[in-house]
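*Asks:* Dropping the structure in here first, questions after.
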Amino acid sequence: MTALRPAVPGKLLETALYVRDLRATRWFYEHILGLECLRATDTFCALGIGPGVLLLFRRGSAAAATETPGGHIPGHDAGGRQHIALGVAAETLPAWREWLALNVVAVEGAVSWPSGGHSLFLRDPEGHLVELATPGLWPGR
């Protein structure tokens, strides 16, 4: 019997960052980057971004498996500094630079990509690398 692969997933629904200081990191993503808190507890926060969700977990809090009324979630965790890229409109980059400077958030790097996209690189309170990227960074994205 040969199984056929189902259709390729159509989008990235959620991704996670693991943090020591959930309160400060949540504040950064809500107040500096403007993401909406969808749900929060003392160990995690779900932030809406476009059609997806950015999950912030207090480091170590999700390492063990979790049983929910709907089923079993295997344990997960990560250490070290991670990277995420958030899409922004090209015409908003000057306003982002100004907003970040006003809020004393350093832009650590900037790239004009050969494909036409532009990126600004900054850090969240945990040291994770956050990229604000315009269309054109990746073909067709």
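Following the order of the structure tokens, chains are lettered A, B, ..., residues in each are numbered from 1, and ligands are numbered from 1.
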Write down as a list of chain:residue names the residues belonging to chain A that are assigned helix (DSSP H, G or I) by DSSP computed on the backbone.
*Replies:*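 Selecting the helix (DSSP H, G or I) positions of chain A gives A:Leu22, A:Arg23, A:Ala24, A:Thr25, A:Arg26, A:Trp27, A:Phe28, A:Tyr29, A:Glu30, A:His31, A:Ile32, A:Ala90, A:Glu91, A:Thr92, A:Leu93, A:Pro94, A:Ala95, A:Trp96, A:Arg97, A:Glu98, A:Trp99, A:Leu100, A:Ala101, A:Leu102.
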*Asks:* Could you save those same residues with C-alpha atoms as a short mmCIF file (atom, residue, chain, number, x, y, z; two decimals), in the first residue's frame?
*Replies:*
data_model
loop_
_atom_site.label_atom_id
_atom_site.label_comp_id
_atom_site.auth_asym_id
_atom_site.auth_seq_id
_atom_site.Cartn_x
_atom_site.Cartn_y
_atom_site.Cartn_z
CA LEU A 22 7.06 36.49 30.88
CA ARG A 23 5.65 39.79 32.15
CA ALA A 24 8.36 42.00 30.59
CA THR A 25 8.42 40.05 27.34
CA ARG A 26 4.63 40.12 27.04
CA TRP A 27 4.67 43.88 27.66
CA PHE A 28 7.25 44.34 24.88
CA TYR A 29 5.24 42.41 22.28
CA GLU A 30 1.97 44.10 23.26
CA HIS A 31 3.12 47.69 23.78
CA ILE A 32 6.18 48.05 21.56
CA ALA A 90 7.72 48.74 3.39
CA GLU A 91 6.31 52.24 3.81
CA THR A 92 6.18 51.76 7.60
CA LEU A 93 9.93 51.20 8.11
CA PRO A 94 10.74 54.89 8.81
CA ALA A 95 7.90 55.04 11.35
CA TRP A 96 9.18 51.82 12.96
CA ARG A 97 12.68 53.31 13.27
CA GLU A 98 11.23 56.41 14.92
CA TRP A 99 8.93 54.42 17.26
CA LEU A 100 11.73 52.10 18.35
CA ALA A 101 14.07 55.03 19.03
CA LEU A 102 11.35 56.81 21.02
#
*Asks:* Please, which residues in range 73-111 of chain A fall within 8 Å of range 7-21 of chain A when counting only C-alpha atoms, and what is the closest atom pair and distance in Å to one decimal for each, ordered by chain then residue number, as a Markdown table?
*Replies:*
| residue | atom | partner | partner_atom | distance |
| --- | --- | --- | --- | --- |
| A:Asp77 | CA | A:Tyr18 | CA | 6.7 |
| A:Ala78 | CA | A:Tyr18 | CA | 6.1 |
| A:Gly79 | CA | A:Tyr18 | CA | 7.0 |
| A:Gln82 | CA | A:Leu17 | CA | 7.2 |
*Asks:* Next, write the just-selected residues to a file, as an mmCIF file, in the first residue's frame, keeping N, CA, C and O atoms as the atom set.
*Replies:*
data_model
loop_
_atom_site.group_PDB
_atom_site.id
_atom_site.type_symbol
_atom_site.label_atom_id
_atom_site.label_comp_id
_atom_site.auth_asym_id
_atom_site.auth_seq_id
_atom_site.Cartn_x
_atom_site.Cartn_y
_atom_site.Cartn_z
ATOM 1 N N ASP A 77 10.255 22.783 24.965
ATOM 2 C CA ASP A 77 10.983 23.863 25.625
ATOM 3 C C ASP A 77 12.180 24.204 24.752
ATOM 4 O O ASP A 77 12.531 23.431 23.852
ATOM 5 N N ALA A 78 12.793 25.330 24.981
ATOM 6 C CA ALA A 78 14.003 25.721 24.254
ATOM 7 C C ALA A 78 14.806 26.668 25.125
ATOM 8 O O ALA A 78 14.256 27.346 25.988
ATOM 9 N N GLY A 79 16.080 26.716 24.867
ATOM 10 C CA GLY A 79 16.955 27.637 25.564
ATOM 11 C C GLY A 79 17.734 28.470 24.561
ATOM 12 O O GLY A 79 17.737 28.177 23.365
ATOM 13 N N GLN A 82 16.561 32.975 20.316
ATOM 14 C CA GLN A 82 15.895 32.492 19.120
ATOM 15 C C GLN A 82 15.658 33.660 18.174
ATOM 16 O O GLN A 82 15.923 34.813 18.513
#
*Asks:* Compile the contact shell of range 128-139 of chain A as a list in words: residues with an atom at most 8 Å away, counting only C-alpha atoms, same-chain residues fewer than 4 positions apart removed.
*Replies:*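 Near range 128-139 of chain A, the qualifying residues are Arg81, Gln82, His83, Ile84, Ala85, Leu86, Gly87, Val88, Ala89, Ala90, Trp113, Ser115, Gly116, Gly117, His118, Ser119, Leu120, Phe121, Leu122, Arg123 and Asp124 of chain A.
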*Asks:* Keeping all heavy atoms for every residue in the selection just given, could you write it to a file as a compact mmCIF listing (two decimals), in the first residue's frame?
*Replies:*
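Saved to result_0.txt:
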# COMPACT_ATOMS: atom_id res chain seq x y z
N ARG A 81 19.02 32.17 22.65
CA ARG A 81 18.34 33.23 21.91
C ARG A 81 17.81 32.67 20.60
O ARG A 81 18.52 32.01 19.86
CB ARG A 81 19.29 34.40 21.68
CG ARG A 81 19.73 35.01 23.00
CD ARG A 81 20.51 36.26 22.85
NE ARG A 81 21.74 36.06 22.08
CZ ARG A 81 22.57 37.03 21.77
NH1 ARG A 81 22.33 38.27 22.14
NH2 ARG A 81 23.66 36.77 21.08
N GLN A 82 16.56 32.98 20.32
CA GLN A 82 15.89 32.49 19.12
C GLN A 82 15.66 33.66 18.17
O GLN A 82 15.92 34.81 18.51
CB GLN A 82 14.59 31.80 19.51
CG GLN A 82 14.85 30.60 20.42
CD GLN A 82 13.63 30.21 21.24
OE1 GLN A 82 12.81 31.02 21.61
NE2 GLN A 82 13.53 28.93 21.53
N HIS A 83 15.12 33.37 16.98
CA HIS A 83 14.88 34.38 15.96
C HIS A 83 13.48 34.24 15.41
O HIS A 83 13.03 33.12 15.14
CB HIS A 83 15.91 34.23 14.83
CG HIS A 83 15.58 35.05 13.62
ND1 HIS A 83 15.04 34.49 12.48
CD2 HIS A 83 15.71 36.37 13.38
CE1 HIS A 83 14.87 35.45 11.58
NE2 HIS A 83 15.26 36.59 12.09
N ILE A 84 12.80 35.36 15.26
CA ILE A 84 11.52 35.40 14.55
C ILE A 84 11.53 36.61 13.63
O ILE A 84 12.22 37.60 13.89
CB ILE A 84 10.29 35.46 15.49
CG1 ILE A 84 10.31 36.72 16.36
CG2 ILE A 84 10.18 34.21 16.33
CD1 ILE A 84 9.02 36.94 17.13
N ALA A 85 10.80 36.52 12.54
CA ALA A 85 10.63 37.65 11.62
C ALA A 85 9.15 37.97 11.53
O ALA A 85 8.32 37.08 11.36
CB ALA A 85 11.20 37.32 10.24
N LEU A 86 8.83 39.25 11.66
CA LEU A 86 7.46 39.73 11.58
C LEU A 86 7.33 40.60 10.34
O LEU A 86 8.16 41.49 10.12
CB LEU A 86 7.10 40.52 12.83
CG LEU A 86 7.39 39.83 14.18
CD1 LEU A 86 7.08 40.77 15.33
CD2 LEU A 86 6.63 38.54 14.30
N GLY A 87 6.30 40.36 9.55
CA GLY A 87 6.12 41.12 8.32
C GLY A 87 5.54 42.50 8.57
O GLY A 87 4.58 42.64 9.33
N VAL A 88 6.12 43.50 7.94
CA VAL A 88 5.62 44.88 8.00
C VAL A 88 5.60 45.45 6.59
O VAL A 88 6.34 45.00 5.72
CB VAL A 88 6.47 45.77 8.93
CG1 VAL A 88 6.45 45.26 10.37
CG2 VAL A 88 7.91 45.89 8.44
N ALA A 89 4.77 46.44 6.37
CA ALA A 89 4.71 47.11 5.07
C ALA A 89 5.96 47.97 4.88
O ALA A 89 6.44 48.60 5.83
CB ALA A 89 3.46 47.97 4.98
N ALA A 90 6.48 48.00 3.67
CA ALA A 90 7.72 48.74 3.39
C ALA A 90 7.61 50.21 3.78
O ALA A 90 8.55 50.79 4.32
CB ALA A 90 8.07 48.60 1.91
N TRP A 113 17.80 43.56 1.08
CA TRP A 113 18.03 42.28 0.45
C TRP A 113 18.05 42.40 -1.07
O TRP A 113 17.33 43.25 -1.63
CB TRP A 113 16.95 41.28 0.87
CG TRP A 113 16.94 41.06 2.36
CD1 TRP A 113 16.07 41.60 3.25
CD2 TRP A 113 17.84 40.25 3.11
NE1 TRP A 113 16.38 41.18 4.53
CE2 TRP A 113 17.46 40.35 4.47
CE3 TRP A 113 18.93 39.45 2.78
CZ2 TRP A 113 18.12 39.67 5.48
CZ3 TRP A 113 19.59 38.78 3.79
CH2 TRP A 113 19.19 38.89 5.12
N SER A 115 16.65 40.70 -3.20
CA SER A 115 15.32 40.43 -3.76
C SER A 115 14.37 41.61 -3.61
O SER A 115 13.24 41.54 -4.08
CB SER A 115 14.74 39.19 -3.08
OG SER A 115 14.71 39.39 -1.68
N GLY A 116 14.80 42.69 -2.92
CA GLY A 116 13.98 43.88 -2.79
C GLY A 116 13.40 44.13 -1.41
O GLY A 116 12.90 45.21 -1.13
N GLY A 117 13.43 43.16 -0.53
CA GLY A 117 12.92 43.35 0.82
C GLY A 117 13.92 44.08 1.70
O GLY A 117 15.10 44.21 1.37
N HIS A 118 13.43 44.56 2.82
CA HIS A 118 14.26 45.27 3.80
C HIS A 118 13.94 44.72 5.18
O HIS A 118 12.79 44.37 5.47
CB HIS A 118 13.99 46.77 3.77
CG HIS A 118 14.26 47.38 2.44
ND1 HIS A 118 15.51 47.77 2.04
CD2 HIS A 118 13.42 47.64 1.40
CE1 HIS A 118 15.44 48.25 0.81
NE2 HIS A 118 14.18 48.19 0.41
N SER A 119 14.95 44.65 6.04
CA SER A 119 14.77 44.14 7.40
C SER A 119 15.42 45.06 8.41
O SER A 119 16.50 45.61 8.16
CB SER A 119 15.41 42.75 7.54
OG SER A 119 14.77 41.81 6.72
N LEU A 120 14.76 45.20 9.55
CA LEU A 120 15.33 45.84 10.73
C LEU A 120 15.44 44.75 11.79
O LEU A 120 14.52 43.94 11.95
CB LEU A 120 14.43 46.96 11.27
CG LEU A 120 14.18 48.16 10.37
CD1 LEU A 120 13.24 49.14 11.08
CD2 LEU A 120 15.49 48.83 10.00
N PHE A 121 16.54 44.73 12.53
CA PHE A 121 16.77 43.72 13.55
C PHE A 121 16.87 44.38 14.92
O PHE A 121 17.61 45.35 15.09
CB PHE A 121 18.07 42.95 13.27
CG PHE A 121 18.00 42.12 12.01
CD1 PHE A 121 18.42 42.65 10.80
CD2 PHE A 121 17.52 40.82 12.03
CE1 PHE A 121 18.36 41.90 9.63
CE2 PHE A 121 17.45 40.06 10.88
CZ PHE A 121 17.88 40.60 9.67
N LEU A 122 16.13 43.84 15.88
CA LEU A 122 16.13 44.34 17.25
C LEU A 122 16.03 43.16 18.19
O LEU A 122 15.88 42.02 17.75
CB LEU A 122 14.97 45.32 17.45
CG LEU A 122 13.60 44.80 17.04
CD1 LEU A 122 12.56 45.04 18.12
CD2 LEU A 122 13.19 45.53 15.75
N ARG A 123 16.11 43.42 19.49
CA ARG A 123 16.03 42.35 20.50
C ARG A 123 14.84 42.59 21.41
O ARG A 123 14.54 43.73 21.77
CB ARG A 123 17.29 42.32 21.35
CG ARG A 123 18.56 42.09 20.58
CD ARG A 123 18.95 40.66 20.56
NE ARG A 123 20.17 40.50 19.75
CZ ARG A 123 20.55 39.38 19.25
NH1 ARG A 123 19.84 38.29 19.47
NH2 ARG A 123 21.64 39.29 18.54
N ASP A 124 14.20 41.49 21.81
CA ASP A 124 13.17 41.59 22.83
C ASP A 124 13.87 41.55 24.20
O ASP A 124 15.10 41.40 24.26
CB ASP A 124 12.08 40.52 22.64
CG ASP A 124 12.49 39.11 23.02
OD1 ASP A 124 13.57 38.90 23.62
OD2 ASP A 124 11.71 38.19 22.72
*Asks:* Determine which residues of chain A DSSP labels as strand (DSSP E or B) from the backbone of this structure, then write them out as an MDAnalysis selection string.
*Replies:* chainID A and resid 14:19 36:40 44:49 52:58 66:68 71:73 83:87 109:112 118:123 129:133
